[in-house]
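Peer 1: Before anything else, here's the structure in question.
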Amino acid sequence: MAYRQIKREILQRLSGADPDQGIDAVLSLPPRQAVSPLMGLFHHANDTIRWRSIAALGAVVARLADNEMESARVVMRRLIWNLNDESGGIGWGCPEAMAEIMTHQRSLAREFAPILVSYADPRCNFLEYEALQRGLLWGLGRMARVYPDQVAGVKPLLASFLGSGDTAVRGMAIWVADALPQTALKPLLRAQLNDNNEIWLFTDNRLIRKSLHQLALNALSKIDP
């Protein structure tokens, strides 16, 4: 089946009312053929489609890894390359996709989670573009809810993101802190309690709106008094 035909079919399947059903439908396609069309949808103008394509890629590559681990590694390396300055692109959706794949595959998480953490570290492969930081932090938060040990290295790096001037970056950093509680962040989290600005958060295959106040309240509840 040609790339464009598969992409149209995937788009149709992901456009339905039930996101879980759409992702299951994508899984019926040959994994190798689905990878590139799904990555192409990372640039879709509709946020719902963009996020569903990320979720679907995670499931597809995890299935690919069951039989062809090296092929799954190739997909991970491709996502990493897209975040490299030399690629000539921006890497939209790539940190999120890396995380989503790893939540489905612990072997890949052990291998590639340090790279995901390195994108948050100014001493390593820091992503300076705030729009990418939002996706990176979402990915770290997603990972922290499945394999917290694999991304624990981001804990000392969260303070700088909590002080960001970008609302979505702060909101996503709070979401990470919620899954990796630490007493040192209490003052910074309390500072967000007066912020009622909202962000879109993709969770359980659905986009929901959350205020920074709500997110901070939840994160603080995980820290011992």
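Identifiers for the structure tokens are assigned positionally: chains receive A, B, ... in sequence, residues are indexed from 1 per chain, and ligands are indexed from 1 in the order shown.
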Quick one: which segment 113-216 of chain A residues come within 12 Å of segment 40-55 of chain A, and what is the nearest atom pair for each with the distance in Å to one decimal, counting only C-alpha atoms, rows ordered by chain and ascending number, as a tab-separated table?

Peer 2:
residue	atom	partner	partner_atom	distance
A:Gly135	CA	A:Trp51	CA	10.5
A:Trp138	CA	A:Trp51	CA	11.4
A:Gly139	CA	A:Ile54	CA	10.7
A:Arg142	CA	A:Ala55	CA	11.2
A:Trp200	CA	A:Asp47	CA	9.6
A:Leu201	CA	A:Trp51	CA	10.0
A:Phe202	CA	A:Trp51	CA	7.2
A:Thr203	CA	A:Trp51	CA	9.7
A:Asp204	CA	A:Ala55	CA	9.5
A:Asn205	CA	A:Arg52	CA	6.8
A:Arg206	CA	A:Thr48	CA	7.8
A:Leu207	CA	A:Thr48	CA	7.0
A:Ile208	CA	A:Thr48	CA	10.5

Peer 1: Just the residues within 10 Å of Pro181 of chain A, please, counting only C-alpha atoms, with nothing from its chain fewer than 5 positions along; format it as number ranges by chain.

Peer 2: A: 155, 174, 176, 186, 219-224

Peer 1: Would you export the selected residues with N, CA and C atoms as a PDB file, in the first residue's frame, please?

Peer 2:
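Everything below was put into again35.pdb:
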ATOM      1  N   LYS A 155      14.841  15.110  37.982  1.00  0.00           N
ATOM      2  CA  LYS A 155      14.354  15.774  39.198  1.00  0.00           C
ATOM      3  C   LYS A 155      15.106  17.065  39.538  1.00  0.00           C
ATOM      4  N   ILE A 174       5.071  21.090  36.181  1.00  0.00           N
ATOM      5  CA  ILE A 174       4.292  20.713  37.373  1.00  0.00           C
ATOM      6  C   ILE A 174       3.800  19.277  37.228  1.00  0.00           C
ATOM      7  N   VAL A 176       5.181  16.861  35.616  1.00  0.00           N
ATOM      8  CA  VAL A 176       6.304  15.953  35.884  1.00  0.00           C
ATOM      9  C   VAL A 176       6.546  15.865  37.386  1.00  0.00           C
ATOM     10  N   LYS A 186       8.677  22.396  46.734  1.00  0.00           N
ATOM     11  CA  LYS A 186       7.473  22.934  47.371  1.00  0.00           C
ATOM     12  C   LYS A 186       7.287  24.440  47.178  1.00  0.00           C
ATOM     13  N   ALA A 219       0.178  18.194  42.706  1.00  0.00           N
ATOM     14  CA  ALA A 219       1.599  17.885  42.920  1.00  0.00           C
ATOM     15  C   ALA A 219       1.986  18.070  44.388  1.00  0.00           C
ATOM     16  N   LEU A 220       1.483  19.130  44.999  1.00  0.00           N
ATOM     17  CA  LEU A 220       1.806  19.384  46.404  1.00  0.00           C
ATOM     18  C   LEU A 220       1.221  18.307  47.326  1.00  0.00           C
ATOM     19  N   SER A 221       0.107  17.745  46.923  1.00  0.00           N
ATOM     20  CA  SER A 221      -0.531  16.708  47.759  1.00  0.00           C
ATOM     21  C   SER A 221       0.299  15.436  47.805  1.00  0.00           C
ATOM     22  N   LYS A 222       1.238  15.275  46.866  1.00  0.00           N
ATOM     23  CA  LYS A 222       2.088  14.073  46.850  1.00  0.00           C
ATOM     24  C   LYS A 222       3.345  14.238  47.712  1.00  0.00           C
ATOM     25  N   ILE A 223       3.570  15.457  48.195  1.00  0.00           N
ATOM     26  CA  ILE A 223       4.771  15.725  49.002  1.00  0.00           C
ATOM     27  C   ILE A 223       4.400  15.717  50.468  1.00  0.00           C
ATOM     28  N   ASP A 224       5.192  15.062  51.267  1.00  0.00           N
ATOM     29  CA  ASP A 224       4.927  15.008  52.708  1.00  0.00           C
ATOM     30  C   ASP A 224       4.920  16.406  53.303  1.00  0.00           C
TER      31      ASP A 224
END

Peer 1: When you look at segment 72-80 of chain A with a cut-off of 12 Å (counting only C-alpha atoms), what residues show up, excluding the ones that are within fewer than 2 positions of it in the same chain? I need them as a count of residues only.

Peer 2: 58

Peer 1: Under the rule that only C-alpha atoms are counted, which of A:Ala177, A:Ala184, A:Ala168, A:Leu11 is the nearest residue to Lys210 of chain A?

Peer 2: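 Using only C-alpha atoms, the shortest distance to Lys210 of chain A belongs to A:Ala168.
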
Peer 1: Would you kindly return, as a ChimeraX atom specification, each protein, DNA or RNA residue with an atom no farther than 8 Å from any atom of Phe161 of chain A, considering only C-alpha atoms and excluding same-chain residues fewer than 6 positions away?

Peer 2: /A:169-170,173

Peer 1: Taking into account only C-alpha atoms, which residue in the set A:Arg145, A:Arg13, A:His213, A:Lys7 is nearest to Gln192 of chain A?

Peer 2: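 Checking each of A:Arg145, A:Arg13, A:His213, A:Lys7 against Gln192 of chain A, counting only C-alpha atoms, the winner is A:His213.
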
Peer 1: Run DSSP on the backbone of this structure and report the residues of segment 158-201 of chain A it assigns to strand (DSSP E), as a list in words.

Peer 2: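 Residues of segment 158-201 of chain A classed as strand (DSSP E): Glu198, Ile199, Trp200 and Leu201 of chain A.
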
Peer 1: Those residues you just picked out, can you put them in a file as an mmCIF file, in the first residue's frame with N, CA and C atoms?

Peer 2:
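Output below, filename out-v9.cif:
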data_model
loop_
_atom_site.group_PDB
_atom_site.id
_atom_site.type_symbol
_atom_site.label_atom_id
_atom_site.label_comp_id
_atom_site.auth_asym_id
_atom_site.auth_seq_id
_atom_site.Cartn_x
_atom_site.Cartn_y
_atom_site.Cartn_z
ATOM 1 N N GLU A 198 -4.763 27.997 32.013
ATOM 2 C CA GLU A 198 -4.977 26.584 31.703
ATOM 3 C C GLU A 198 -4.079 26.111 30.566
ATOM 4 N N ILE A 199 -3.780 24.820 30.594
ATOM 5 C CA ILE A 199 -3.042 24.196 29.496
ATOM 6 C C ILE A 199 -3.827 22.968 29.036
ATOM 7 N N TRP A 200 -3.537 22.527 27.802
ATOM 8 C CA TRP A 200 -4.090 21.270 27.316
ATOM 9 C C TRP A 200 -3.140 20.150 27.701
ATOM 10 N N LEU A 201 -3.684 19.087 28.259
ATOM 11 C CA LEU A 201 -2.881 17.952 28.696
ATOM 12 C C LEU A 201 -3.446 16.682 28.068
#

Peer 1: What is the distance between atom CA of Ala56 of chain A and atom CA of Ser71 of chain A, in Å to one decimal?

Peer 2: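 Interatomic distance here is 16.6 Å.
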
Peer 1: As a ChimeraX atom specification, list the residues of segment 10-223 of chain A assigned to helix (DSSP H, G or I) by DSSP on the backbone atoms of this structure.

Peer 2: /A:10-14,19-26,31-43,47-67,69-82,85-87,94-104,106-118,130-144,148-150,152-162,167-179,183-190,212-221

Peer 1: I'd like the neighbourhood of Leu180 of chain A as a PyMOL selection string, where a residue qualifies if any of its atoms comes within 8 Å (using only C-alpha atoms), though same-chain residues fewer than 6 positions away should be ignored.

Peer 2: chain A and resi 144+148+152+155

Peer 1: Would you output that residue set with N, CA and C atoms, as a JSON list (two decimals), in the first residue's frame?

Peer 2:
[["chain", "number", "residue", "atom", "x", "y", "z"],
["A", 144, "ALA", "N", 7.42, 9.14, 33.71],
["A", 144, "ALA", "CA", 7.49, 9.10, 35.17],
["A", 144, "ALA", "C", 6.31, 8.36, 35.79],
["A", 148, "PRO", "N", 9.25, 5.48, 36.61],
["A", 148, "PRO", "CA", 9.86, 6.66, 37.25],
["A", 148, "PRO", "C", 11.36, 6.52, 37.46],
["A", 152, "ALA", "N", 14.36, 9.51, 36.65],
["A", 152, "ALA", "CA", 14.61, 10.19, 37.92],
["A", 152, "ALA", "C", 15.69, 11.27, 37.79],
["A", 155, "LYS", "N", 14.84, 15.11, 37.98],
["A", 155, "LYS", "CA", 14.35, 15.77, 39.20],
["A", 155, "LYS", "C", 15.11, 17.07, 39.54]]

Peer 1: Given the choices A:Leu189, A:Ala17, A:Met172, A:Val117, which gets closest to Asn218 of chain A if the distance is worked out from only C-alpha atoms?

Peer 2: A:Leu189

Peer 1: Suppose you want the space between atom CA of Ala179 of chain A and atom CA of Pro19 of chain A; what is it in Å?

Peer 2: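 We find that atom CA of Ala179 of chain A and atom CA of Pro19 of chain A lie 24.3 Å from each other.
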
Peer 1: So what do you get for atom CA of Arg106 of chain A versus atom CA of Gly153 of chain A, distance-wise?

Peer 2: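 If I compute the distance from atom CA of Arg106 of chain A to atom CA of Gly153 of chain A, I get 16.9 Å.
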